[in-house]
Each structure stands twice: as structure tokens, then as C-alpha cells.
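Worksheet for the structure shown next.
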Amino acid sequence: MARAYLLPEQPSTTLPPVDLETVRPLLRGLDREQRRAVTHGDGPLLILAGPGTGKTEVVTRRIAWLIATRRARPSEILALTFTERAAAEMQARVDMLVPYGRADAAIHTFHAFGDRILREHAAEAGLPAEPRVLSRPEGELILREELFRLGLRRYLPLGDPERNLRPIADWIARAKDAGLVPSEIGARVAALRASAAGRPDAEALVDDAEGLEELARAWERYEAVLRERGLLDFGDQVLRARLLLRDRPGVAARVADRFRHVLVDEGQDASAIQLDLVRAIARHGNLTVVGDDDQAIYGFRGAAEGGIARLATAFPGMRRIVLRRSYRSRRPILVAAHRLIRANGPERLAARAGVDRPLVAVRRGRRPAPVTVQGWPTDAAEADGVADAIARRVAEGAPARDHAVLVRTNGDGDRFVRALAARGLATWGSDGGRLGATPEVRELVSLLRLALDPSDDLLLYGVATAAPWRLGGSDLSRLLAEGRRDRRGLRAAMDAALAGSGLALAPGSHAAVSRLVRELDRALEEIHRRPAGDVLYGWLRGSGRYAELVAAAEKGDDRPLRRVARLFEILRSVTEVVPDARAAVLLPRLQELLAVEAEEAEDADPQPDAVAVLTVHKAKGLEFPVVYLPGLADGRFPARRRAASLPAPAGPMAEDEADPLAEERRLCYVALTRARDALVLSWATASGGSGSRVRRPSPFLAEATDRPVRLPAAAGIDALRSAIEAVVTPTAMDAPEAIADDGRPLSASRVEDQLACPLRYHLRHRLGVASPEHHALVVGQALHEAAAAWHRATLAGEEPADGLLRETLDAHWRSAGFLSREHEDARYAAALATLDRFRADESTAAASGSGRRVVAVEEPFAETVAGLPVRGRFDRIDEGPDGIVIVDYKSGEVRDPRKAAERARGSFQLHLYALAWEARTGELPAWLELRFLDGGVVGRVRPEPARLEKARSALREAAAGIAAGGREPAPDPFACGHCPYREICPASAA
DNA sequence: CCTGGTTAAATTTTT
DNA sequence: TTTAACCAGG
């Protein structure tokens with residue numbers, strides 16, 4: 001029997017005799033399909049390998065078999081994977097199968113292989129001998145450096161110039177995945193323009209075309225910088241290797257001759273350019289592709305839709321072997337998974353191969369557990385329920401590592417980690433700490449920022465409270481208060497205390513402040529002339545922090561020291577890309593550079609006694625005896641799709657598949673098929689916050705189980721309770737007699753800060769920690785002052801002087817908080833244009849005789865509203881035909897009048913001002929207005945009772961919270977992203 | 001059935 | 001800040 005397998009399936013050149021004993025073990029234990037796959041001779045082969053069908057086993061044995069049967073020398077075999085991890089695993093398994101250590105087959109990631117080709121032919125590829133490859137954040141650092149030279153307009157909002165940095169980097173990567181070069185975007189733009197004529201969506205198409213032109217320009221500039229500096233990015237490693245083979249037929253021929261057999265793992269994840277590269281190398285036809293289109297979950301990352309099918313077309317006569325036996329999951333799991341994936345339609349390869357049936361379960365014996373579905377009233381209840389179930393099983397003796405909780409997004413995992421931790425169970429795999437988020441690294445990054453802007457109290461506060469000084473308590477609070485009181489800042493208060501002319505400090509604090517100031521001054525002196533790493537090194541030695549870290553390491557905890565060492569390694573290597581490594585250059589992208597896992601490998605590998613809490617993407621390729629898949633609620637899984645922020649470089653991308661749910665469904669399929677023995681699906685009716693929306697079960701639940709999904713009756717009471725609590729909690733109308741903490745009156749910004757995040761209120765208003773300079777504030781204030789000066793002049797009956805607006809702008813313009821000189825120049829020019837329009841608008845209004853006149857400017861008030869002291873300043877008060885209009889100037893980039901009106905309606909500040917006006921005059925104003933200076937639009941609203949009442953209750957709620965003295969952070973991914981305190985906030989969700 | 005206003009929730013990841 | 005889903009009201 002075995003002898004038959006030694007014969008080539010297709011006649012080929014005469015092979016030398018093969019020792020049966022070396023070949024037989026390679027086929028041992030394989031099923032029929034697997035054997036056929038392993039022993040396929042020459043010619044193209046597609047192995048359709050569903051989950052758990054022994055895919056890796058087949059590929060590795062096939063490599064060993066090709067070698068053992070002398071169909072290929074090891075060096076003639078090329079195997080391509082996507083991750084280093086997969087490559088390493090394949091290599092290890094081939095090494096075990098091929099004796100004598102002669103397995104020098106080329107097993108690489110696509111990128112490593114492309115890189116190897118490029119280096120071997122560096123001269124022909126027009127590259128330096130040793131091109132440096134950019135990491136992702138390093139690429140963004142280069143874009144950031146060039147930001148104002150990229151020729152961007154639409155994608156460069158002056159109020160937040162870095163907003164599109166990441167999207168543009170992604171866009172370039174996707175363009176390279178598609179195999180494009182910048183000049184080819186032009187063709188696409190032309191095609192879009194041509195096709196637009198006469199179509200109903202013509203406007204949108206032309207708009208996209210313009211956007212693409214802008215992006216192509218930016219891309220070209222980015223490429224020019226890479227060329228100048230001899231750099232490659234990840235996309236180039238594949239793209240330029242492919243272009244090399246296309247432009248140099250001689251090189252292509254040599255590469256194809258060298259690799260007589262090519263194997264591709266996870267073919268469904270390949271990008272268009274990767275597939276193209278494979279076609280070019282495997283033109284001899286000896287190509288083995290392993291994959292499963294039902295597990296294609298990387299469309300967002302550039303995987304080509306229908307990639308495997310396209311390869312099959314490119315290699316006519318490709319033999320197809322379908323692995324149908326699952327060695328992993330019990331039958332109920334396979335049945336549910338198949339029911340689900342079936343909904344993706346008849347184009348799936350399994351369906352086209354005529355095997356649209358569940359995989360055959362090989363593991364038998366003991367009746368398998370059915371797939372269960374649980375409904376929970378809230379997210380919290382779901383997390384507790386899952387954690388309880390796991391804890392119970394562990395108590396009964398099951399190993400913790402046998403359990404996995406699979407989630408759709410990283411954020412979803414947190415509550416399971418916490419719930420498990422509360423039951424004494426360790427977890428692994430959830431988005432572990434990033435290096436940049438560890439305290440050791442944050443301290444050092446803060447120091448760099450502080451050295452660049454020593455007047456930033458916020459940073460100084462952060463550094464002073466961090467190791468090794470660990471200042472805190474009343475001394476630091478008093479220094480802060482003192483610095484704020486005399487308006488000279490925290491540093492001045494420290495200096496005064498040290499000189500004996502200021503606050504008296506406790507001896508310990510005195511010594512710490514003294515050394516802190518000394519070390520800080522040294523860092524200040526060095527920061528602009530030495531690389532960031534050198535400054536940090538001096539600080540570590542001088543402050544004693546280095547000795548502390550070493551001592552901790554000697555005592556057994558070397559993680560802090562290792563993290564700091566990695567920071568230094570990153571700072572060193574970035575100098576290869578950006579020659580000027582001073583802090584001012586690196587800081588803007590430092591967070592991204594440090595967004596690597598804090599602990600090498602530790603979090604990415606299964607931990608011996610911990611429960612896995614993983615995103616489904618991270619779980620791909622893994623298996624667990626027991627899998628929990630919570631969060632199967634509509635909108636969460638399938639996740640709600642967000643509109644792309646940039647037009648796709650290569651036309652419709654994977655997400656534009658006919659069925660928008662298809663990729664999410666495949667993701668769910670991957671999740672279900674991670675389970676060996678037991679699978680528990682669940683969902684929660686509500687996220688749990690008061691007033692949170694009721695969620696419907698995911699459509700995938702019904703698809704997978706073929707049963708109607710109902711909430712268990714037991715959940716009813718909890719649901720009612722949470723519904724009642726939802727009504728009771730937020731209203732808080734009967735708040736206790738509210739007082740505003742130290743008796744200082746409330747203001748709009750105090751109330752808004754308190755409601756947004758009590759910790760932010762605490763830092764800004766109780767401790768008086770100043771926020772760092774921000775360009776939006778500088779520009780906004782200067783414009784504000786200019787408008788006020790104009791109105792003051794007219795109020796005094798004068799014709800405003802010609803240069804008044806510009807002179808006032810200049811007088812209040814400070815060069816602080818801008819990203820770069822170019823940014824400041826652009827914002828200044830924009831501010832001048834804004835003032836021109838302001839003048840024109842005001843002149844028109846004056847001439848129109850609208851019956852409105854300005855009666856007060858910058859008018860301060862202090863009134864009692866809802867029993868609470870409130871103060872503020874009306875920017876401008878007008879008297880119009882219907883009565884008083886309260887005006888507030890804003891400098892945000894609002895251009896749409898509808899948006900402006902919406903903002904006015906929702907403005908707490910305006911409604912508070914209306915109430916203050918009522919308290920002062922006994923009458924409500926007729927109108928409330930926001931005037932957006934940049935956009936020249938006005939949003940107006942009548943002060944309506946319902947909205948005024950809302951403002952009153954917000955005021956009360958804030959006052960109560962302030963009086964209670966709470967300082968709990970209220971992390972929110974969006975709010976934290978813009979919070980000035982995010983650098984020092986331990987709870988920041990940014 | 002449409003419109004507008006209100007409200008909660010903010011992807012996935014490797015090289 | 002933006003978006004989309006939901007609800008009320010015409």
C-alpha cells in the first residue's frame with residue numbers, strides 16, 4: 001500500500017530511489033485526504049483546510065515529503081506565511097520531520113522573503129545595500145515631519161493637523177497591498193471623473209477623485225523622503241520585490257528556478273500584491289496553497305477578497321483537495337459553525353466544491369455537550385455569569401488554561417478580566433499594557449515633555465509625584481496653590497520655598513524638591529542640544545532612579561528595568577530613521593513608537609494557569625477545550641461598521657463585499673471553531689449604564705443555533721430593576737443642599753469639567769494644575785480679543801481703525817502650542833482671513849439696519865442660579881427687535897449652519913448665561929447665539945423651558961458632585977483622547 | 001412614512 | 001467630535 005504513495009502522481013523526471021523507511025513515518029496517522037495532499041507531486045495544488053483539519057501538519061509533512069522523495073532539495077522549497085510566529089512554528093515542525101538537520105528550506109514571512117530578494121538584488125532594485133525598514137510608527141513619524149509639505153488641504157485640518165496621520169499611513173499601506181504606485185492613482189482619478197458624468201452620485205465620485213489626488217500627492221512626497229534616506233516600509237518589502245521581478249526578467253527567472261516548490265499558508269489572508277508575487281515565482285506551477293476562505297478575516301488589513309479563487313484561476317488545472325475531518329471540535333460545535341457560515345452563500349469555496357456540510361467530527365465518545373446560549377440583562381451580569389461558570393469548573397478541577405473568553409474588541413475584554421480576577425483567576429492575552437503606558441516609561445516621557453516646556457505645571461506636577469521623588473500630600477498641593485495664587489507657577493513656588501522666601505516645606509519634601517529642581521535644570525540645559533536618550537540617561541543616573549531600578553531588579557523584579565531598557569533601545573533605533581533624535585522631534589510620535597507590548601512575548605503566549613481573554617483575531621489558530629463567546633448582541637458582534645475616513649486607493653475593497661456582514665460572520669465562524677468540547681454563546685440586553693439602549697441578540701445567534709433566541713425568564717426581574725434604576729439615578733433632582741466646594745462660584749467650564757470627569761475638575765479647579773498650551777486656545781483667544789476690540793470701538797461711537805483687528809490679533813498672538821512653524825503660519829493666515837470676513841460681516845450688518853445693536857461687550861456677571869452662585873462673562877449682548885440676544889464667540893471649524901444651530905441648542909454655557917441674565921434682569925433673553933468666527937456661521941436658539949431646566953439640573957448635579965469632593969476619573973475613549981491631563985492620568989482611556 | 005431631535009457608543013492587526 | 005439608531009410627532 002505505502003509503495004503507491006511513493007509514485008509521483010504525475011509523471012516527472014526520473015527520481016532516484018527513496019528509502020521507504022524515511023517516507024513511511026511522514027504519512028503515519030494521516031487520513032486519506034491529508035495523505036493525498038501530502039503526496040501530491042508536481043503541479044498546482046489547493047488544500048482547502050477548514051478549522052481543526054490538521055492544516056499545519058499537512059504543510060509541514062508535505063515539505064518533509066518533498067525532501068524525502070527527492071522531488072526538491074530543501075533549498076529549492078519556499079514556504080510563505082504571514083507572521084513570524086507561524087514561520088517559526090513551521091520551521092520547528094519541519095526540523096523534527098527532516099533528519100540530519102538538513103532542512104534548510106526557505107520558510108519565511110512574505111515580508112521577510114521580499115526583503116531577502118531586495119537585499120540580494122539591492123543594486124538592481126535601486127536600493128542601498130542595507131535598506132533600513134521602517135516600523136509602523138516610524139513611518140508616521142516621517143509623515144508627521146513632512147505634514148505641511150505633503151500638499152494636503154482637505155486632509156489637514158488646522159485645528160487638529162495630526163488627525164489624519166494614521167488614516168493616511170493606512171491608506172498608503174492599502175495602496176501598496178493593492179500593488180499600486182503613486183502614478184497609478186492618477187489613472188483611477190481619471191476613471192472616476194470619466195465615469196461620474198451623468199450619474200446621480202456624480203458629486204460624490206468627483207469628490208472622491210479630488211481626495212485621491214490629494215492623497216496621491218502626499219504619497220509621492222512620502223516616497224521621495226524614503227528614497228532620499230534609503231528607507232523601506234513594510235509595504236515596500238513585498239511591492240518592490242514584485243516590481244523587481246517584473247522589471248528584471250533575469251532576476252525573475254533565477255528566483256523561479258531556485259524555488260522549484262512554493263507553499264503558501266493561510267492563502268485567504270494574502271493581499272493582491274502578495275498573490276501576484278506568488279504567481280511570479282511559482283510560474284513553474286509547483287504551487288501549494290493552503291487556506292480557507294471561510295476564515296478570511298483580514299479584509300481591513302488589505303487581504304484580497306476571493307484571493308484563493310483568483311489563484312485557482314491563475315493556475316489552470318489546479319488540483320483541489322478538501323480536508324473534511326476536524327480533529328478538534330465535537331460535532332455540535334461543527335454543526336453550529338456550519339449553520340452560521342452557510343449564510344455566507346454559495347460563492348464560498350466549500351459550497352462550490354459541493355461539500356457545503358459540517359466538517360466530520362473525528363473525536364467521539366461520551367456524549368458531546370450541546371452548544372448553549374445564554375441571555376443576560378446587562379454586560380456586568382454577563383461578565384459575572386461567565387466568570388462564575390469558569391470559576392466553578394476550575395474549582396471542580398479543570399485547568400484554567402482550558403478556558404477562553406473570546407471577544408470582538410479589545411475593550412470588550414476588560415470586564416471579563418476584572419470579573420475573573422475577582423474570583424482569583426489569572427488571565428492572559430487581553431490587550432496587555434503597552435510599553436508607553438507603564439509607569440516607568442511614562443515618568444521618563446513626562447520628563448522629556450517637561451524639559452521642552454518647563455512652564456507646564458501639569459507636567460511638573462506629574463514628574464514630582466512620580467518616582468524617584470514621589471512628592472505628594474499637602475506640600476505639593478500647597479506649592480501648587482501658591483504658584484497659582486501669585487500666577488508665577490509651580491516652579492516659581494518651588495524655587496521660592498528652596499530660597500526660604502516662600503512656603504516652608506517638611507524636611508523630606510525640601511530635600512526632594514531641591515534635587516528635583518537640580519536634575520530638572522540639567523535636563524533643561526541639555527534638551528535642545530542632545531538626543532533624547534542622552535538626556536534621559538543623565539536624569540536616570542543623577543536622580544537616583546537608575547539605582548532604584550537596579551536595586552529592584554536585584555531583589556527579583558526586573559521588569560521595570562527591562563522596560564526602561566526597551567525604551568532606550570527604541571530611542572536608539574529610531575535615530576537610524578530620523579537622524580535628529582532630539583526630544584522635540586521624537587515626542588510627537590513617541591506614544592506610537594512606544595505602543596509595543598510592554599512585556600516581550602509574555603502576554604502573547606498561553607500562560608500555564610490562566611484563562612485566555614482574547615479578541616477573536618488573536619485567537620485565530622488557537623484552540624481551547626471550553627470557549628465562551630459573549631457579546632453576541634447586534635451592533636457589537638457583528639460590530640457596527642464605521643464609514644471610511646478616506647476614499648479607498650484601489651476602488652472597492654473587501655468591506656464592500658455584497659454582504660456587509662460576511663466578514664463579521666467569518667469572524668464569528670473562527671470564534672466558534674476554536675472550541676474543542678464546549679461552547680457557550682451569550683449576549684446582554686443592555687450595556688448596563690443608566691438609560692442604555694436595549695440591544696437585540698446578534699443575528700449570528702439564530703443563524704448558528706437555528707433556534708429562536710429568547711431572554712431567559714430569570715433575567716426579567718433584573719431587567720425591571722435596571723430599568724427602574726435607569727429612571728431614578730440620573731435625574732437626581734432632590735440633590736442635597738448643594739454648595740460649590742470652597743464657596744467659589746461655579747462657571748460654565750467648571751460645571752462642564754465636573755460632569756465630564758470629576759478627576760479633571762479636581763486637577764484643574766481644585767489643584768489648579770494648568771493645562772499645557774494648545775494652539776486652538778491661543779488662536780481662539782486672540783480672535784476673541786480682536787472681535788471684542790472691534791465692538792468696544794463701535795460701542796464708543798467710533799469707526800474702528802483700519803489696523804485695529806490685526807493689531808489686536810498680533811498683540812494677543814503667542815507662539816505657543818503649535819506643531820511647527822508652518823502650522824503657526826497657516827493658522828495665522830487663516831486667522832487674518834477670519835478677521836477679514838468678520839469685518840465684512842459686521843459692516844454689512846451695520847449697514848442693513850437690522851434693528852440690532854451691541855449694548856455690551858465682555859460683560860462680567862455674578863448671579864445666583866438655582867440657588868447656586870454662578871459667575872462668568874457675556875462675550876456680547878445685543879438688543880434686537882425681539883429683545884435681548886446673548887452672543888458667545890467660538891473659534892471651532894464649524895461651517896454648516898445646521899451644525900451651528902445644533903451646537904447652540906446643546907450649549908450648556910449659553911443656557912446658563914440665559915439663566916444668569918434672567919437672575920440679573922428678571923427677564924429671559926429673546927435669543928441665544930453662538931457665532932463661529934472661522935466658519936462665519938451663526939447658530940441661534942430660543943431659551944426654551946425644557947433646555948433651561950436641563951441646564952439647571954446639570955448645574956445642581958455638578959454642584960453636588962463638587963461638594964461631595966469626588967475625584968473619580970470617568971474614562972471615555974473619546975473624551976480622554978482630547979483631555980489635557982491624559983499624560984498624567986492613570987485612568988486615561990486614550 | 002418621513003423628519004428632526006436626542007442619545008449612546010466609539011473595530012479588528014501583522015510586517 | 002462624529003455617527004447612526006431610535007423615538008416622537010407631523
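If you're wondering about the labels, chains in the C-alpha cells are A, B, ... by order shown, residues count from 1 in each chain, ligands from 1 in order shown.
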
- Query: chain A residues within 9 Å of chain C, counting only C-alpha atoms (C1' of nucleotides): which ones, as a PyMOL selection string?
  - Reply: chain A and resi 642-643+693+974

Could you dump the residues just selected with N, CA, C and O atoms as a PDB file, in the first residue's frame?
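The resulting file, out15.pdb, is shown below:
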```pdb
ATOM      1  N   ARG A 642     -18.066  51.451  10.573  1.00  0.00           N
ATOM      2  CA  ARG A 642     -17.888  52.895  10.516  1.00  0.00           C
ATOM      3  C   ARG A 642     -17.489  53.297   9.110  1.00  0.00           C
ATOM      4  O   ARG A 642     -16.768  52.582   8.429  1.00  0.00           O
ATOM      5  N   ALA A 643     -17.952  54.457   8.711  1.00  0.00           N
ATOM      6  CA  ALA A 643     -17.621  54.931   7.368  1.00  0.00           C
ATOM      7  C   ALA A 643     -16.118  55.142   7.261  1.00  0.00           C
ATOM      8  O   ALA A 643     -15.474  55.594   8.200  1.00  0.00           O
ATOM      9  N   ARG A 693     -29.301  51.725  25.825  1.00  0.00           N
ATOM     10  CA  ARG A 693     -30.246  51.235  24.840  1.00  0.00           C
ATOM     11  C   ARG A 693     -30.375  49.715  24.934  1.00  0.00           C
ATOM     12  O   ARG A 693     -29.428  49.017  25.263  1.00  0.00           O
ATOM     13  N   PHE A 974     -13.242  58.632  23.851  1.00  0.00           N
ATOM     14  CA  PHE A 974     -13.161  59.857  23.073  1.00  0.00           C
ATOM     15  C   PHE A 974     -12.687  61.031  23.913  1.00  0.00           C
ATOM     16  O   PHE A 974     -11.727  61.723  23.585  1.00  0.00           O
TER      17      PHE A 974
END
```

Counting only C-alpha atoms (C1' of nucleotides), which residues in chain A sit no more than 7 Å from chain B? For each one, give the nearest pair of atoms and the distance in Å, sorted by chain then residue number, as a tab-separated table.
```
residue	atom	partner	partner_atom	distance
A:Thr83	CA	B:DT14	C1'	6.6
A:His111	CA	B:DT15	C1'	6.0
A:Phe234	CA	B:DT15	C1'	5.6
A:Thr409	CA	B:DT11	C1'	6.4
A:His617	CA	B:DT12	C1'	6.6
A:Ser692	CA	B:DA8	C1'	6.9
```

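For the atom pair formed by CA of Ala422 (chain A) and CA of Gly556 (chain A), the distance is 26.1 Å, given to one decimal.
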
Which parts of region 320-389 of chain A does DSSP call alpha helix (DSSP H) when run on the backbone here, written out as a PDB file with N, CA, C and O atoms, in the first residue's frame?
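As written to disk, result18.pdb reads:
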```pdb
ATOM      1  N   ARG A 331     -18.991  17.337  17.473  1.00  0.00           N
ATOM      2  CA  ARG A 331     -19.967  17.555  16.406  1.00  0.00           C
ATOM      3  C   ARG A 331     -20.934  18.737  16.614  1.00  0.00           C
ATOM      4  O   ARG A 331     -21.160  19.507  15.676  1.00  0.00           O
ATOM      5  N   PRO A 332     -21.495  18.922  17.807  1.00  0.00           N
ATOM      6  CA  PRO A 332     -22.444  20.043  17.929  1.00  0.00           C
ATOM      7  C   PRO A 332     -21.802  21.394  17.580  1.00  0.00           C
ATOM      8  O   PRO A 332     -22.467  22.275  17.016  1.00  0.00           O
ATOM      9  N   ILE A 333     -20.541  21.514  17.878  1.00  0.00           N
ATOM     10  CA  ILE A 333     -19.837  22.762  17.563  1.00  0.00           C
ATOM     11  C   ILE A 333     -19.693  22.912  16.053  1.00  0.00           C
ATOM     12  O   ILE A 333     -19.936  23.979  15.477  1.00  0.00           O
ATOM     13  N   LEU A 334     -19.334  21.811  15.402  1.00  0.00           N
ATOM     14  CA  LEU A 334     -19.161  21.849  13.953  1.00  0.00           C
ATOM     15  C   LEU A 334     -20.487  22.135  13.248  1.00  0.00           C
ATOM     16  O   LEU A 334     -20.539  22.848  12.246  1.00  0.00           O
ATOM     17  N   VAL A 335     -21.553  21.581  13.809  1.00  0.00           N
ATOM     18  CA  VAL A 335     -22.870  21.795  13.202  1.00  0.00           C
ATOM     19  C   VAL A 335     -23.263  23.265  13.313  1.00  0.00           C
ATOM     20  O   VAL A 335     -23.691  23.897  12.341  1.00  0.00           O
ATOM     21  N   ALA A 336     -23.071  23.832  14.505  1.00  0.00           N
ATOM     22  CA  ALA A 336     -23.425  25.245  14.695  1.00  0.00           C
ATOM     23  C   ALA A 336     -22.577  26.136  13.796  1.00  0.00           C
ATOM     24  O   ALA A 336     -23.092  27.061  13.150  1.00  0.00           O
ATOM     25  N   ALA A 337     -21.285  25.835  13.736  1.00  0.00           N
ATOM     26  CA  ALA A 337     -20.383  26.660  12.924  1.00  0.00           C
ATOM     27  C   ALA A 337     -20.796  26.601  11.456  1.00  0.00           C
ATOM     28  O   ALA A 337     -20.801  27.614  10.756  1.00  0.00           O
ATOM     29  N   HIS A 338     -21.153  25.411  11.007  1.00  0.00           N
ATOM     30  CA  HIS A 338     -21.545  25.299   9.608  1.00  0.00           C
ATOM     31  C   HIS A 338     -22.845  26.021   9.320  1.00  0.00           C
ATOM     32  O   HIS A 338     -22.987  26.689   8.305  1.00  0.00           O
ATOM     33  N   ARG A 339     -23.814  25.899  10.243  1.00  0.00           N
ATOM     34  CA  ARG A 339     -25.077  26.608  10.048  1.00  0.00           C
ATOM     35  C   ARG A 339     -24.816  28.094   9.862  1.00  0.00           C
ATOM     36  O   ARG A 339     -25.418  28.754   9.040  1.00  0.00           O
ATOM     37  N   LEU A 340     -23.912  28.590  10.677  1.00  0.00           N
ATOM     38  CA  LEU A 340     -23.615  30.020  10.612  1.00  0.00           C
ATOM     39  C   LEU A 340     -22.985  30.387   9.275  1.00  0.00           C
ATOM     40  O   LEU A 340     -23.465  31.271   8.565  1.00  0.00           O
ATOM     41  N   ILE A 341     -21.932  29.693   8.914  1.00  0.00           N
ATOM     42  CA  ILE A 341     -21.139  30.122   7.758  1.00  0.00           C
ATOM     43  C   ILE A 341     -21.895  29.877   6.455  1.00  0.00           C
ATOM     44  O   ILE A 341     -21.648  30.555   5.453  1.00  0.00           O
ATOM     45  N   ARG A 342     -22.823  28.942   6.492  1.00  0.00           N
ATOM     46  CA  ARG A 342     -23.643  28.666   5.323  1.00  0.00           C
ATOM     47  C   ARG A 342     -24.340  29.933   4.827  1.00  0.00           C
ATOM     48  O   ARG A 342     -24.580  30.110   3.637  1.00  0.00           O
ATOM     49  N   LEU A 349     -15.879  28.610  -1.237  1.00  0.00           N
ATOM     50  CA  LEU A 349     -15.208  27.529  -1.954  1.00  0.00           C
ATOM     51  C   LEU A 349     -15.760  26.171  -1.555  1.00  0.00           C
ATOM     52  O   LEU A 349     -15.914  25.281  -2.390  1.00  0.00           O
ATOM     53  N   ALA A 350     -16.075  25.997  -0.268  1.00  0.00           N
ATOM     54  CA  ALA A 350     -16.609  24.693   0.155  1.00  0.00           C
ATOM     55  C   ALA A 350     -17.917  24.410  -0.572  1.00  0.00           C
ATOM     56  O   ALA A 350     -18.180  23.287  -1.005  1.00  0.00           O
ATOM     57  N   ALA A 351     -18.740  25.445  -0.715  1.00  0.00           N
ATOM     58  CA  ALA A 351     -20.008  25.250  -1.414  1.00  0.00           C
ATOM     59  C   ALA A 351     -19.758  24.940  -2.882  1.00  0.00           C
ATOM     60  O   ALA A 351     -20.381  24.041  -3.455  1.00  0.00           O
ATOM     61  N   ARG A 352     -18.808  25.666  -3.468  1.00  0.00           N
ATOM     62  CA  ARG A 352     -18.534  25.420  -4.885  1.00  0.00           C
ATOM     63  C   ARG A 352     -17.926  24.048  -5.108  1.00  0.00           C
ATOM     64  O   ARG A 352     -18.069  23.461  -6.179  1.00  0.00           O
ATOM     65  N   ASP A 379     -24.306  43.852  30.647  1.00  0.00           N
ATOM     66  CA  ASP A 379     -22.926  43.435  30.393  1.00  0.00           C
ATOM     67  C   ASP A 379     -22.271  42.914  31.661  1.00  0.00           C
ATOM     68  O   ASP A 379     -21.533  41.928  31.642  1.00  0.00           O
ATOM     69  N   ALA A 380     -22.540  43.611  32.768  1.00  0.00           N
ATOM     70  CA  ALA A 380     -21.898  43.226  34.023  1.00  0.00           C
ATOM     71  C   ALA A 380     -22.375  41.841  34.451  1.00  0.00           C
ATOM     72  O   ALA A 380     -21.583  41.001  34.891  1.00  0.00           O
ATOM     73  N   ALA A 381     -23.680  41.613  34.300  1.00  0.00           N
ATOM     74  CA  ALA A 381     -24.224  40.307  34.674  1.00  0.00           C
ATOM     75  C   ALA A 381     -23.621  39.217  33.788  1.00  0.00           C
ATOM     76  O   ALA A 381     -23.319  38.115  34.254  1.00  0.00           O
ATOM     77  N   GLU A 382     -23.438  39.534  32.531  1.00  0.00           N
ATOM     78  CA  GLU A 382     -22.860  38.568  31.611  1.00  0.00           C
ATOM     79  C   GLU A 382     -21.424  38.221  32.025  1.00  0.00           C
ATOM     80  O   GLU A 382     -21.037  37.049  32.075  1.00  0.00           O
ATOM     81  N   ALA A 383     -20.659  39.263  32.343  1.00  0.00           N
ATOM     82  CA  ALA A 383     -19.269  39.028  32.745  1.00  0.00           C
ATOM     83  C   ALA A 383     -19.226  38.192  34.014  1.00  0.00           C
ATOM     84  O   ALA A 383     -18.441  37.241  34.139  1.00  0.00           O
ATOM     85  N   ASP A 384     -20.101  38.520  34.974  1.00  0.00           N
ATOM     86  CA  ASP A 384     -20.144  37.740  36.217  1.00  0.00           C
ATOM     87  C   ASP A 384     -20.559  36.308  35.932  1.00  0.00           C
ATOM     88  O   ASP A 384     -20.011  35.365  36.504  1.00  0.00           O
ATOM     89  N   GLY A 385     -21.541  36.158  35.066  1.00  0.00           N
ATOM     90  CA  GLY A 385     -22.032  34.821  34.757  1.00  0.00           C
ATOM     91  C   GLY A 385     -20.951  33.950  34.126  1.00  0.00           C
ATOM     92  O   GLY A 385     -20.752  32.796  34.520  1.00  0.00           O
ATOM     93  N   VAL A 386     -20.240  34.510  33.176  1.00  0.00           N
ATOM     94  CA  VAL A 386     -19.171  33.765  32.506  1.00  0.00           C
ATOM     95  C   VAL A 386     -18.068  33.435  33.516  1.00  0.00           C
ATOM     96  O   VAL A 386     -17.582  32.300  33.589  1.00  0.00           O
ATOM     97  N   ALA A 387     -17.700  34.434  34.314  1.00  0.00           N
ATOM     98  CA  ALA A 387     -16.616  34.216  35.279  1.00  0.00           C
ATOM     99  C   ALA A 387     -17.023  33.185  36.323  1.00  0.00           C
ATOM    100  O   ALA A 387     -16.212  32.331  36.716  1.00  0.00           O
ATOM    101  N   ASP A 388     -18.279  33.234  36.760  1.00  0.00           N
ATOM    102  CA  ASP A 388     -18.767  32.241  37.726  1.00  0.00           C
ATOM    103  C   ASP A 388     -18.652  30.839  37.146  1.00  0.00           C
ATOM    104  O   ASP A 388     -18.200  29.908  37.817  1.00  0.00           O
ATOM    105  N   ALA A 389     -19.083  30.698  35.897  1.00  0.00           N
ATOM    106  CA  ALA A 389     -19.075  29.377  35.277  1.00  0.00           C
ATOM    107  C   ALA A 389     -17.644  28.839  35.186  1.00  0.00           C
ATOM    108  O   ALA A 389     -17.386  27.664  35.474  1.00  0.00           O
TER     109      ALA A 389
END
```

- Here CA of Pro316 (chain A) and CA of Gln34 (chain A) stand apart by 22.2 Å

- Enumerate as number ranges by chain all residues of region 94-161 of chain A assigned to strand (DSSP E or B) by DSSP on the backbone, naming them with the chain letters and numbers the document uses. A: 106-109, 132-133

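With CA of Ser543 (chain A) on one side and CA of Glu983 (chain A) on the other, the separation reads 21.1 Å.
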
- Quick one: everything within 6 Å of region 661-665 of chain A, counting only C-alpha atoms (C1' of nucleotides), minus sequence neighbours fewer than 2 positions away in the same chain. Send it as a list in words. Ile297, Asn344, Pro638, Asp659, Leu667 and Cys668 of chain A
